[in-house]
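Source file: run_33.cif. Holds: mmCIF, C-alpha atoms and all ligand atoms.
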```
data_run
loop_
_atom_site.label_atom_id
_atom_site.label_comp_id
_atom_site.auth_asym_id
_atom_site.auth_seq_id
_atom_site.Cartn_x
_atom_site.Cartn_y
_atom_site.Cartn_z
CA MET A 151 13.22 11.12 -3.87
CA ASN A 152 12.04 14.56 -4.82
CA VAL A 153 8.26 14.44 -4.54
CA GLU A 154 7.67 17.64 -6.49
CA GLY A 155 6.90 16.70 -10.08
CA ALA A 156 7.23 12.96 -9.33
CA ARG A 157 4.72 10.66 -11.01
CA ILE A 158 3.30 8.50 -8.22
CA LEU A 159 0.68 5.73 -8.33
CA VAL A 160 -1.20 5.10 -5.06
CA PRO A 161 -3.16 1.79 -5.06
CA GLY A 162 -5.43 1.89 -2.02
CA ALA A 163 -5.97 5.63 -2.37
CA THR A 164 -9.65 5.02 -1.51
CA GLY A 165 -8.71 4.12 2.07
CA ALA A 166 -8.23 6.54 4.94
CA ILE A 167 -4.43 6.68 4.92
CA GLY A 168 -4.22 6.28 1.14
CA ALA A 169 -6.52 9.25 0.51
CA ALA A 170 -4.58 11.40 2.99
CA LEU A 171 -1.31 10.38 1.37
CA ALA A 172 -2.53 11.05 -2.18
CA GLY A 173 -3.75 14.49 -1.10
CA ARG A 174 -0.42 15.32 0.53
CA LEU A 175 1.59 14.19 -2.47
CA HIS A 176 -0.65 16.25 -4.76
CA GLY A 177 -0.24 19.24 -2.43
CA ARG A 178 3.54 18.89 -2.65
CA GLY A 179 3.46 19.02 -6.43
CA ALA A 180 3.53 15.32 -7.30
CA ARG A 181 1.59 14.09 -10.33
CA VAL A 182 -0.58 11.48 -8.67
CA ALA A 183 -2.56 8.57 -10.13
CA VAL A 184 -5.02 6.92 -7.75
CA ALA A 185 -6.36 3.37 -7.70
CA GLY A 186 -8.99 1.71 -5.54
CA ARG A 187 -12.03 -0.51 -5.37
CA ASP A 188 -14.83 1.79 -4.13
CA PRO A 189 -15.93 3.93 -7.11
CA VAL A 190 -17.35 6.76 -4.99
CA ALA A 191 -14.24 7.08 -2.84
CA LEU A 192 -12.09 6.79 -5.96
CA GLN A 193 -13.85 9.66 -7.66
CA ARG A 194 -13.62 11.75 -4.49
CA VAL A 195 -9.89 11.26 -4.08
CA ALA A 196 -9.25 11.82 -7.79
CA GLU A 197 -11.08 15.15 -7.59
CA ALA A 198 -9.22 16.11 -4.40
CA CYS A 199 -5.99 15.47 -6.32
CA GLY A 200 -6.87 17.91 -9.11
CA GLY A 201 -8.60 15.40 -11.40
CA ALA A 202 -5.91 12.73 -11.07
CA PRO A 203 -6.11 9.68 -13.36
CA ALA A 204 -8.14 7.05 -11.48
CA PHE A 205 -8.22 3.28 -11.91
CA ARG A 206 -10.52 0.69 -10.37
CA PHE A 207 -9.33 -2.73 -9.33
CA ASP A 208 -10.18 -5.54 -6.94
CA ALA A 209 -7.33 -7.32 -5.21
CA TYR A 210 -8.60 -10.64 -6.59
CA GLY A 211 -7.82 -9.45 -10.11
CA LEU A 212 -4.05 -9.74 -9.94
CA ASP A 213 -3.70 -9.18 -13.69
CA ARG A 214 -5.71 -6.02 -13.28
CA CYS A 215 -3.42 -4.85 -10.48
CA ALA A 216 -0.44 -5.31 -12.80
CA HIS A 217 -2.27 -3.70 -15.73
CA THR A 218 -3.13 -0.69 -13.55
CA VAL A 219 0.60 0.05 -13.32
CA THR A 220 0.88 0.01 -17.11
CA ARG A 221 -2.16 2.23 -17.55
CA ALA A 222 -1.02 4.72 -14.93
CA ALA A 223 2.43 4.91 -16.54
CA GLU A 224 0.80 5.56 -19.91
CA ARG A 225 -1.36 8.36 -18.48
CA LEU A 226 1.46 10.05 -16.58
CA GLY A 227 4.22 9.42 -19.14
CA GLY A 228 6.08 7.10 -16.74
CA LEU A 229 6.10 6.37 -13.02
CA ASP A 230 8.66 7.43 -10.40
CA ALA A 231 7.01 5.66 -7.47
CA VAL A 232 4.27 3.21 -6.54
CA VAL A 233 3.03 3.22 -2.94
CA VAL A 234 0.58 0.42 -2.08
CA LEU A 235 -1.89 0.94 0.79
CA VAL A 236 -4.21 -1.97 0.12
CA GLY A 237 -5.05 -4.10 3.13
CA VAL A 238 -7.74 -5.72 5.27
CA PRO A 239 -7.53 -7.36 8.70
CA ALA A 240 -9.29 -10.26 10.42
CA PHE A 241 -9.40 -11.06 14.11
CA GLY A 242 -9.94 -14.16 16.18
CA PRO A 243 -8.15 -17.38 17.07
CA ALA A 244 -6.91 -19.44 14.13
CA PRO A 245 -9.81 -21.97 14.18
CA ALA A 246 -12.28 -19.09 13.82
CA VAL A 247 -10.65 -17.94 10.56
CA ASP A 248 -11.66 -20.33 7.81
CA ASP A 249 -9.61 -21.05 4.71
CA THR A 250 -11.67 -18.76 2.51
CA VAL A 251 -10.95 -15.86 4.83
CA ALA A 252 -7.28 -16.83 4.97
CA GLU A 253 -7.15 -16.82 1.16
CA HIS A 254 -8.82 -13.41 1.16
CA LEU A 255 -6.30 -12.02 3.63
CA PHE A 256 -3.31 -13.31 1.69
CA THR A 257 -4.74 -12.01 -1.59
CA VAL A 258 -5.46 -8.49 -0.33
CA ASN A 259 -2.48 -8.06 2.00
CA ALA A 260 0.23 -9.90 0.10
CA LEU A 261 -0.53 -11.05 -3.47
CA ALA A 262 -2.14 -7.82 -4.70
CA PRO A 263 0.60 -5.51 -3.34
CA MET A 264 3.18 -7.89 -4.84
CA ALA A 265 1.38 -7.81 -8.21
CA PHE A 266 1.45 -3.99 -8.26
CA LEU A 267 5.10 -3.79 -7.29
CA ARG A 268 6.24 -6.66 -9.52
CA ALA A 269 4.67 -4.91 -12.50
CA ALA A 270 6.30 -1.65 -11.41
CA LEU A 271 9.84 -3.07 -11.26
CA PRO A 272 10.56 -2.69 -15.00
CA VAL A 273 8.72 0.64 -15.15
CA VAL A 274 10.05 2.70 -12.24
CA PRO A 275 13.54 4.13 -12.87
CA PRO A 276 16.60 3.42 -10.68
CA ARG A 277 16.12 6.54 -8.57
CA GLY A 278 12.45 5.80 -8.02
CA VAL A 279 10.67 4.10 -5.13
CA LEU A 280 8.48 1.04 -4.68
CA ALA A 281 6.73 0.90 -1.32
CA ALA A 282 4.09 -1.00 0.60
CA VAL A 283 2.77 -0.64 4.12
CA THR A 284 3.10 -3.33 6.75
CA GLY A 285 3.34 -2.86 10.52
CA PRO A 286 4.84 -4.06 13.80
CA VAL A 287 2.62 -7.13 13.39
CA VAL A 288 5.29 -8.41 11.01
CA ASP A 289 7.83 -8.77 13.85
CA VAL A 290 5.52 -10.03 16.59
CA VAL A 291 2.18 -11.40 15.45
CA PRO A 292 -0.30 -11.01 18.32
CA ALA A 293 -2.64 -13.80 19.32
CA GLY A 294 -5.89 -13.42 17.44
CA MET A 295 -4.18 -12.00 14.34
CA ALA A 296 -2.38 -15.07 12.98
CA ASP A 297 -3.61 -14.92 9.41
CA TYR A 298 -3.44 -11.13 8.99
CA GLY A 299 0.03 -11.12 10.56
CA ALA A 300 1.20 -14.02 8.39
CA ALA A 301 -0.04 -12.28 5.24
CA LYS A 302 1.74 -9.02 6.11
CA ALA A 303 4.87 -11.01 7.04
CA ALA A 304 4.76 -12.68 3.62
CA LEU A 305 4.65 -9.25 2.00
CA ALA A 306 7.51 -8.03 4.21
CA ALA A 307 9.64 -11.07 3.27
CA TRP A 308 8.99 -10.46 -0.41
CA LEU A 309 9.91 -6.78 -0.09
CA ALA A 310 13.11 -7.67 1.78
CA ALA A 311 14.23 -10.08 -0.94
CA VAL A 312 13.41 -7.67 -3.77
CA ARG A 313 15.26 -4.91 -1.89
CA ARG A 314 18.35 -7.15 -1.88
CA GLU A 315 17.93 -7.87 -5.59
CA ARG A 316 17.75 -4.15 -6.31
CA ARG A 317 20.29 -2.89 -3.78
CA ARG A 318 22.81 -1.75 -6.36
CA VAL A 319 20.55 -0.89 -9.27
CA GLY A 320 17.41 0.55 -7.70
CA PRO A 321 14.63 1.43 -7.45
CA ALA A 322 14.48 1.67 -3.66
CA VAL A 323 12.12 -0.89 -2.12
CA LEU A 324 10.46 0.22 1.11
CA ASP A 325 8.57 -1.72 3.76
CA ILE A 326 6.88 1.08 5.69
CA ARG A 327 5.96 -0.32 9.10
CA LEU A 328 3.19 1.90 10.32
CA PRO A 329 2.14 1.69 13.95
CA HIS A 330 -1.53 1.40 14.88
CA THR A 331 -3.44 4.27 13.29
CA GLU A 332 -6.96 5.51 14.03
CA SER A 333 -8.20 5.02 10.47
CA GLY A 334 -11.12 2.71 11.17
CA PHE A 335 -9.11 -0.11 9.55
CA ALA A 336 -9.77 -2.57 12.41
CA ARG A 337 -13.54 -2.00 12.10
CA ARG A 338 -13.42 -3.17 8.47
CA ALA A 339 -12.18 -6.65 9.45
CA VAL A 340 -13.35 -9.55 7.28
CA VAL A 341 -14.20 -11.47 10.47
CA GLY A 342 -13.87 -10.95 14.20
CA ASP A 343 -13.59 -8.03 16.55
CA PRO A 344 -10.35 -6.17 17.19
CA PRO A 345 -8.65 -6.41 20.57
CA ARG A 346 -8.69 -3.34 22.79
CA LEU A 347 -5.83 -1.16 21.67
CA PRO A 348 -4.37 2.01 23.12
CA PRO A 349 -5.09 5.12 21.04
CA GLY A 350 -3.10 5.05 17.82
CA ARG A 351 -1.65 7.70 15.58
CA THR A 352 -3.83 9.97 13.53
CA VAL A 353 -4.30 9.36 9.84
CA ASP A 354 -2.47 12.63 9.14
CA GLU A 355 0.53 11.46 11.17
CA ALA A 356 0.58 8.18 9.26
CA ALA A 357 0.43 9.98 5.91
CA ASP A 358 3.25 12.30 7.01
CA GLU A 359 5.37 9.31 7.97
CA ILE A 360 4.92 7.76 4.53
CA VAL A 361 5.79 11.02 2.77
CA GLU A 362 8.91 11.27 4.94
CA ALA A 363 9.89 7.69 4.02
CA LEU A 364 9.55 8.54 0.33
CA VAL A 365 11.49 11.79 0.64
CA SER A 366 14.38 10.11 2.46
CA SER A 367 14.78 7.30 -0.06
CA GLY A 368 15.15 6.63 -3.72
CA THR A 369 18.87 6.57 -4.35
CA ALA A 370 20.10 3.40 -6.05
CA GLY A 371 22.49 1.63 -3.71
CA HIS A 372 20.77 3.14 -0.68
CA ALA A 373 17.59 1.09 -0.71
N1 LIG A 401 -4.68 1.50 10.36
C1 LIG A 401 -3.68 0.86 10.95
O1 LIG A 401 -3.60 0.76 12.19
C2 LIG A 401 -2.58 0.28 10.11
C3 LIG A 401 -1.37 -0.08 10.73
C4 LIG A 401 -0.35 -0.63 9.95
C5 LIG A 401 -0.55 -0.82 8.60
N2 LIG A 401 -1.74 -0.47 8.04
C6 LIG A 401 -1.91 -0.69 6.60
O2 LIG A 401 -2.18 0.56 5.99
C7 LIG A 401 -2.91 0.32 4.76
C8 LIG A 401 -4.07 1.31 4.69
O3 LIG A 401 -4.97 1.02 5.72
P1 LIG A 401 -6.00 2.09 6.30
O4 LIG A 401 -5.73 2.19 7.75
O5 LIG A 401 -6.01 3.34 5.48
O6 LIG A 401 -7.37 1.28 6.15
P2 LIG A 401 -8.58 1.44 5.11
O7 LIG A 401 -9.14 2.81 5.18
O8 LIG A 401 -9.51 0.31 5.43
O9 LIG A 401 -7.91 1.21 3.70
C9 LIG A 401 -7.77 -0.10 3.15
C10 LIG A 401 -7.56 0.01 1.65
O10 LIG A 401 -7.47 -1.34 1.14
C11 LIG A 401 -8.41 -1.45 0.05
N3 LIG A 401 -8.94 -2.80 -0.09
C12 LIG A 401 -9.38 -3.62 0.88
N4 LIG A 401 -9.83 -4.76 0.32
C13 LIG A 401 -9.68 -4.62 -1.03
C14 LIG A 401 -9.93 -5.45 -2.15
N5 LIG A 401 -10.47 -6.68 -2.04
N6 LIG A 401 -9.62 -5.00 -3.38
C15 LIG A 401 -9.08 -3.77 -3.54
N7 LIG A 401 -8.81 -2.93 -2.53
C16 LIG A 401 -9.10 -3.37 -1.29
C17 LIG A 401 -9.53 -0.49 0.38
O11 LIG A 401 -10.21 -0.21 -0.83
P3 LIG A 401 -11.75 0.29 -0.90
O12 LIG A 401 -11.91 1.27 0.25
O13 LIG A 401 -11.79 0.96 -2.24
O14 LIG A 401 -12.61 -0.89 -0.76
C18 LIG A 401 -8.74 0.69 0.93
O15 LIG A 401 -8.23 1.46 -0.14
C19 LIG A 401 -3.31 -1.16 4.79
O16 LIG A 401 -2.40 -1.90 4.00
C20 LIG A 401 -3.11 -1.56 6.25
O17 LIG A 401 -2.78 -2.94 6.39
C21 LIG A 401 -2.76 0.08 8.77
#
```
In structure tokens, what does this structure look like?
Amino acid sequence: MNVEGARILVPGATGAIGAALAGRLHGRGARVAVAGRDPVALQRVAEACGGAPAFRFDAYGLDRCAHTVTRAAERLGGLDAVVVLVGVPAFGPAPAVDDTVAEHLFTVNALAPMAFLRAALPVVPPRGVLAAVTGPVVDVVPAGMADYGAAKAALAAWLAAVRRERRRVGPAVLDIRLPHTESGFARRAVVGDPPRLPPGRTVDEAADEIVEALVSSGTAGHA
């Protein structure tokens, strides 16, 4: 897709990678709308994106996630892409992750991104893009990350099926599998401590990778 002039909603723009991505898209001439939970971070990223329309949501409000797509489309006069960067991890062996935490992980990492993208399907045109971020955890879930990995794998499976549904008609449906990134994400775990990891990519590198994925996609039949 051509980012310049594209109308792009970024749920999770209050996070480290989301804010960097929103700023890059704005810098490349996109008309960005930002969405997030933290009001201070949301205002900051909206200002950094030239006073972009900003919408608050919590992942537990799935109707609100869907409605955010409608509101953003109204403000921007349509949407050409939605890129979801909402997520939260948890660490520890399965017995240490109780069912409430598991529900939280599946809501934030799977159900909320699905709600945004489901609502975007009838809104985004055939040459547009729907994207969410997963990671290598989807292919091989490490010990101590069962519930986070399962939630991201659920999202990846959903994206793969919707991509098949839309293969001929668009929009493109992307599962952007980011490697470990030094965003502080692991420190914001709902429970548990992250395993020792080798140094990851920078947030800027991750944002560049997402922009590149958007730029190289978006043709119906090539999703
Ligand atoms: N960092 C990595 O190594 C890595 C690797 C692969 C994939 N990813 C994925 O990349 C995405 C961005 O992560 P990041 O590294 O930028 O981490 P981050 O800074 O912690 O960003 C997480 C985002 O998720 C939002 N979020 C969390 N819980 C929420 C809730 N209950 N309701 C609404 N929003 C909620 C946060 O919103 P608020 O800040 O407004 O609360 C924030 O915008 C995530 O989907 C993550 O799974 C990260």
In terms of the shortest atom-to-atom distance over all atoms listed in the file, which of A:Phe241, A:Ala310, A:Gly285, A:Asp325 is closest to Pro345 (chain A)? A:Phe241
Identify, counting all atoms listed in the file, the protein, DNA and RNA residues located within 6 Å of ligand LIG 401 (chain A), and give them as a tab-separated table (two decimals) with C-alpha atoms, keeping the file's coordinate frame.
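Output below, filename part.tsv:
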```
chain	number	residue	atom	x	y	z
A	162	GLY	CA	-5.43	1.89	-2.02
A	163	ALA	CA	-5.97	5.63	-2.37
A	164	THR	CA	-9.65	5.02	-1.51
A	165	GLY	CA	-8.71	4.12	2.07
A	166	ALA	CA	-8.23	6.54	4.94
A	167	ILE	CA	-4.43	6.68	4.92
A	168	GLY	CA	-4.22	6.28	1.14
A	186	GLY	CA	-8.99	1.71	-5.54
A	187	ARG	CA	-12.03	-0.51	-5.37
A	188	ASP	CA	-14.83	1.79	-4.13
A	207	PHE	CA	-9.33	-2.73	-9.33
A	208	ASP	CA	-10.18	-5.54	-6.94
A	209	ALA	CA	-7.33	-7.32	-5.21
A	235	LEU	CA	-1.89	0.94	0.79
A	236	VAL	CA	-4.21	-1.97	0.12
A	237	GLY	CA	-5.05	-4.10	3.13
A	238	VAL	CA	-7.74	-5.72	5.27
A	258	VAL	CA	-5.46	-8.49	-0.33
A	283	VAL	CA	2.77	-0.64	4.12
A	284	THR	CA	3.10	-3.33	6.75
A	285	GLY	CA	3.34	-2.86	10.52
A	328	LEU	CA	3.19	1.90	10.32
A	329	PRO	CA	2.14	1.69	13.95
A	330	HIS	CA	-1.53	1.40	14.88
A	331	THR	CA	-3.44	4.27	13.29
A	332	GLU	CA	-6.96	5.51	14.03
A	333	SER	CA	-8.20	5.02	10.47
A	335	PHE	CA	-9.11	-0.11	9.55
```
Distance in Å - CA of Val274 (chain A) versus CA of Leu229 (chain A):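 These atoms are spaced 5.4 Å apart.
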So which residues are close to (3.2, 6.7, -16.9), meaning at most 12 Å away in the file's coordinates with only C-alpha atoms counted, and can you show them as a list in words?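 Checking each residue against the 12 Å limit leaves Ala156, Arg157, Ile158, Leu159, Arg181, Val182, Ala183, Pro203, His217, Thr218, Val219, Thr220, Arg221, Ala222, Ala223, Glu224, Arg225, Leu226, Gly227, Gly228, Leu229, Asp230, Ala231, Val232, Ala270, Val273, Val274 and Pro275 of chain A.
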Hey, can you check how far CA of Arg277 (chain A) sits from CA of Ala322 (chain A)?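 That distance, rounded to one decimal, is 7.1 Å.
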How close does region 289-360 of chain A get to region 246-255 of chain A? List, as a tab-separated table, each residue of region 289-360 of chain A within 12 Å, its nearest atom pair and the distance in Å to one decimal, counting all atoms listed in the file.
```
residue	atom	partner	partner_atom	distance
A:Gly294	CA	A:Ala246	CA	9.3
A:Met295	CA	A:Val247	CA	9.6
A:Ala296	CA	A:Val247	CA	9.1
A:Asp297	CA	A:Ala252	CA	6.1
A:Tyr298	CA	A:Leu255	CA	6.1
A:Gly299	CA	A:Leu255	CA	9.4
A:Ala300	CA	A:Leu255	CA	9.1
A:Ala301	CA	A:Leu255	CA	6.5
A:Lys302	CA	A:Leu255	CA	8.9
A:Ala303	CA	A:Leu255	CA	11.7
A:Ala304	CA	A:Leu255	CA	11.1
A:Leu305	CA	A:Leu255	CA	11.4
A:Ala339	CA	A:Leu255	CA	9.9
A:Val340	CA	A:Val251	CA	7.2
A:Val341	CA	A:Val247	CA	7.4
A:Gly342	CA	A:Ala246	CA	8.3
A:Asp343	CA	A:Ala246	CA	11.5
```
Work out how far CA of Val323 (chain A) is from CA of Ser367 (chain A), in Å to one decimal.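 CA of Val323 (chain A) lies 8.9 Å from CA of Ser367 (chain A).
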Of the listed residues A:Gly155, A:Gly278, A:Pro321, A:Pro239, that which approaches Arg337 (chain A) most closely, counting only C-alpha atoms: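 Among the listed residues, the smallest separation from Arg337 (chain A) belongs to A:Pro239.
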One residue among A:Arg206, A:Arg194, A:Arg268, A:Arg214 is nearest to Arg313 (chain A) when using all atoms listed in the file, and that residue is A:Arg268
Find, counting all atoms listed in the file, the residue in A:Leu271, A:Val361, A:Leu261, A:Arg346 that gets nearest to His176 (chain A).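 So, comparing all the options, the nearest one is A:Val361.
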Around (5.1, 17.2, -4.1) in the file's frame, which residues reach within 7 Å when counting all atoms listed in the file? Return as a PyMOL selection string? chain A and resi 153-155+175-180
Which of these residues is nearest to Cys215 (chain A), using all atoms listed in the file: A:Gly334, A:Pro161, A:Pro272, A:Pro349?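 Of A:Gly334, A:Pro161, A:Pro272, A:Pro349, the one nearest Cys215 (chain A) is A:Pro161, counting all atoms listed in the file.
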Of A:Ala357, A:Ala265, A:Ile326, A:Val365, the one sitting nearest Pro286 (chain A) when using only C-alpha atoms is A:Ile326
